[in-house]
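The block underneath contains the structure these notes are about, expressed in structure tokens.
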Amino acid sequence: MKLIDGKETSKVIRREIAEEVKQILKDGGKRPHLAAVLVGHDGGSESYVKGKMRACEEVGFKSSLIRYEVNVTEEELLSKVRELNEDPDIDGFIVQLPLPKHISEQKVIETIDPRKDVDGFHPQNVGRMAIGLPSFVSATPQGILELLKRYEIETEGRHCVIVGRSNIVGRPLSILMSQKGYPGNATVTVCHSRTPNIEEVCRQADILIAAIGSPGFVKEDMVKKGAIVIDVGTTRMPSTKTKSGWKLRGDVDFDNVAPKTSYITPVPGGVGPMTITSLIINTLKAAKKEIYN
Ligand code: GUN
């Protein structure tokens, strides 16, 4: 069994990007600039956005944080989005989700210029991704593909079983893993809450990706010997052993499953650390006009 170390991989990628930024500046180019819009004071959102701003600093990007109180109107937020769309210094930006109930997330997402949509949430990016055109791919699926690449895991002809069909993880991953190329060319099965015999389907996986948000869902008897297991779960469980009072738990019963696998991602330290790095990768692509020009 080999651990897929997302923390280390993430560090390596950030170092590579920091070097590239230095080169861009040396060549007289503009420093890449990411903006984040944060509404309210949700603890999770606060810490994610802090991590995103810190990552920018680490790689030498400029970053801007735009804050609103929870009572901001939808129109105020939309007009900020339009302003960021037009601002030539901003290469990419995100609006941290979730938003308060009185604001339509979909409307906000669809107002973002797809060329600056480094979250890859705009239907234009999702659609382009689905038909294999250059696009911004959302953070978690891209982070997983990057891990498969960096660990040189063969995907062609393999049976990839994905548990979970969410718009931000399971669904896009199912499309990407079956696409032509590498990582891809896999035979993909998507399981969800209405799948009968889910245990039996999981047992057939060469590559098993768990993304349902149910702690410890994947048990030892659901995993084929030698399988590659990717755990996307990040449920906060109460804990008396940590300063914060909680600890992260994945969708895989790691202690019992790990010995059967050839590769497995731990929680924490697997997929999680790659997500912010994916956003950094996308911001660099936006700055270099790699996707759209
Ligand atoms: N909330 C949880 N994950 C994300 C993400 O990847 N992007 C944004 N904008 N909000 C989130």
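Scheme for the structure tokens: letters A, B, ... for chains in order shown; per-chain residue numbers from 1; ligand numbers from 1 in order shown.
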
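Using only C-alpha atoms and all ligand atoms as the basis for the distance check, residues found within 7 Å of ligand 1 are Ser45, Ile94, Val95, Gln96, Leu97, Pro98, Asp119, Ser138 and Ala139 of chain A.
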
Emit the selected residues as a short mmCIF file (atom, residue, chain, number, x, y, z; two decimals), in the first residue's frame, including N, CA and C atoms.
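What follows is the written file again_8.cif:
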```cif
data_model
loop_
_atom_site.label_atom_id
_atom_site.label_comp_id
_atom_site.auth_asym_id
_atom_site.auth_seq_id
_atom_site.Cartn_x
_atom_site.Cartn_y
_atom_site.Cartn_z
N SER A 45 -16.26 28.93 5.50
CA SER A 45 -15.94 29.82 4.37
C SER A 45 -14.77 30.74 4.72
N ILE A 94 -13.39 34.38 -7.51
CA ILE A 94 -14.37 33.42 -7.02
C ILE A 94 -15.34 34.13 -6.09
N VAL A 95 -16.55 33.63 -6.02
CA VAL A 95 -17.49 34.06 -5.00
C VAL A 95 -17.66 32.84 -4.09
N GLN A 96 -17.21 32.97 -2.86
CA GLN A 96 -17.24 31.82 -1.96
C GLN A 96 -18.68 31.40 -1.68
N LEU A 97 -18.96 30.12 -1.79
CA LEU A 97 -20.28 29.56 -1.51
C LEU A 97 -20.22 28.84 -0.16
N PRO A 98 -21.31 28.64 0.54
CA PRO A 98 -22.68 29.03 0.19
C PRO A 98 -22.94 30.53 0.41
N ASP A 119 -13.19 29.01 -10.60
CA ASP A 119 -13.84 27.90 -9.88
C ASP A 119 -14.39 26.85 -10.86
N SER A 138 -13.33 22.44 -12.09
CA SER A 138 -13.47 22.79 -10.68
C SER A 138 -12.42 22.08 -9.81
N ALA A 139 -12.23 22.64 -8.63
CA ALA A 139 -11.06 22.34 -7.80
C ALA A 139 -10.88 20.86 -7.42
#
```

Residues near segment 227-236 of chain A, cut-off 6 Å, only C-alpha atoms, skip fewer than 5 positions along chain, as a PyMOL selection string | chain A and resi 206-211+213+246-251+261-265

Residue selection dump (C-alpha atoms) as a short mmCIF file (atom, residue, chain, number, x, y, z; two decimals), in the first residue's frame:
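As a result, out.cif now contains:
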```
data_model
loop_
_atom_site.label_atom_id
_atom_site.label_comp_id
_atom_site.auth_asym_id
_atom_site.auth_seq_id
_atom_site.Cartn_x
_atom_site.Cartn_y
_atom_site.Cartn_z
CA ASP A 206 -9.92 -0.82 -10.03
CA ILE A 207 -10.16 2.83 -9.05
CA LEU A 208 -12.71 3.66 -6.37
CA ILE A 209 -13.59 7.29 -5.72
CA ALA A 210 -15.73 7.96 -2.66
CA ALA A 211 -17.51 11.32 -2.69
CA GLY A 213 -20.01 12.78 2.51
CA TRP A 246 -13.32 18.50 15.68
CA LYS A 247 -11.44 16.27 13.30
CA LEU A 248 -11.92 15.42 9.64
CA ARG A 249 -13.25 12.02 8.69
CA GLY A 250 -13.26 10.63 5.17
CA ASP A 251 -15.82 8.48 3.35
CA THR A 261 -5.21 -1.14 -1.57
CA SER A 262 -2.28 -0.38 -3.86
CA TYR A 263 -2.73 3.38 -3.40
CA ILE A 264 -4.97 5.35 -1.06
CA THR A 265 -5.48 9.01 -0.16
#
```

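Distance-wise, atom CA of Gly184 of chain A and atom CA of Glu156 of chain A end up 6.1 Å apart.
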
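With only C-alpha atoms as the atoms that count, the minimum distance from Glu58 of chain A to the choices A:Leu25, A:Ile131, A:Leu84, A:Ile17 is reached by A:Ile17.
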
Pick out the residues sitting within 10 Å of Leu176 of chain A, and hand them over as a list in words; count only C-alpha atoms, and ignore anything fewer than 6 positions along from it in its own chain.
->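 Listing them by chain and then by number gives Met129, Ala130, Ile131, Gly132, Val137, Pro141, Gln142, Leu145, Tyr182, Pro183, Gly184, Asn185, Ala186 and Val188 of chain A.
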
If you run DSSP on the backbone, which residues of segment 56-268 of chain A are alpha helix (DSSP H), as a ChimeraX atom specification?
-> /A:56-59,74-86,105-111,123-130,139-150,170-178,198-203,254-257

Residue neighbourhood Val81 of chain A, 9 Å, only C-alpha atoms, exclusion window fewer than 3 positions, as a ChimeraX atom specification = /A:37,76-78,84-86,93,95,108,111-113

Please save C-alpha atoms of the selected residues as a short mmCIF file (atom, residue, chain, number, x, y, z; two decimals), in the first residue's frame.
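Printed below is out.cif as written:
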```
data_model
loop_
_atom_site.label_atom_id
_atom_site.label_comp_id
_atom_site.auth_asym_id
_atom_site.auth_seq_id
_atom_site.Cartn_x
_atom_site.Cartn_y
_atom_site.Cartn_z
CA VAL A 37 -15.71 37.64 -2.64
CA GLU A 76 -25.08 44.74 -4.93
CA LEU A 77 -23.30 41.43 -5.25
CA LEU A 78 -24.10 41.11 -8.97
CA LEU A 84 -14.64 42.32 -11.44
CA ASN A 85 -15.50 41.00 -14.92
CA GLU A 86 -14.44 44.36 -16.36
CA PHE A 93 -12.13 35.56 -9.14
CA VAL A 95 -17.49 34.06 -5.00
CA VAL A 108 -24.23 34.89 -9.34
CA THR A 111 -22.94 36.48 -14.08
CA ILE A 112 -19.23 35.65 -13.74
CA ASP A 113 -17.32 36.02 -17.01
#
```

From the list A:Asp255, A:Glu110, A:Glu8, A:Glu75, which residue is nearest Gln124 of chain A when using only C-alpha atoms?
-> A:Glu110

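Counting from atom CA of His41 of chain A, the distance to atom CA of Glu105 of chain A is 17.0 Å.
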
12 Å contact set for segment 47-56 of chain A, only C-alpha atoms, chain neighbours under 2 positions out, as a PyMOL selection string | chain A and resi 10-11+13-15+17-18+21+31-45+58-67+92-98+119+139+272-284
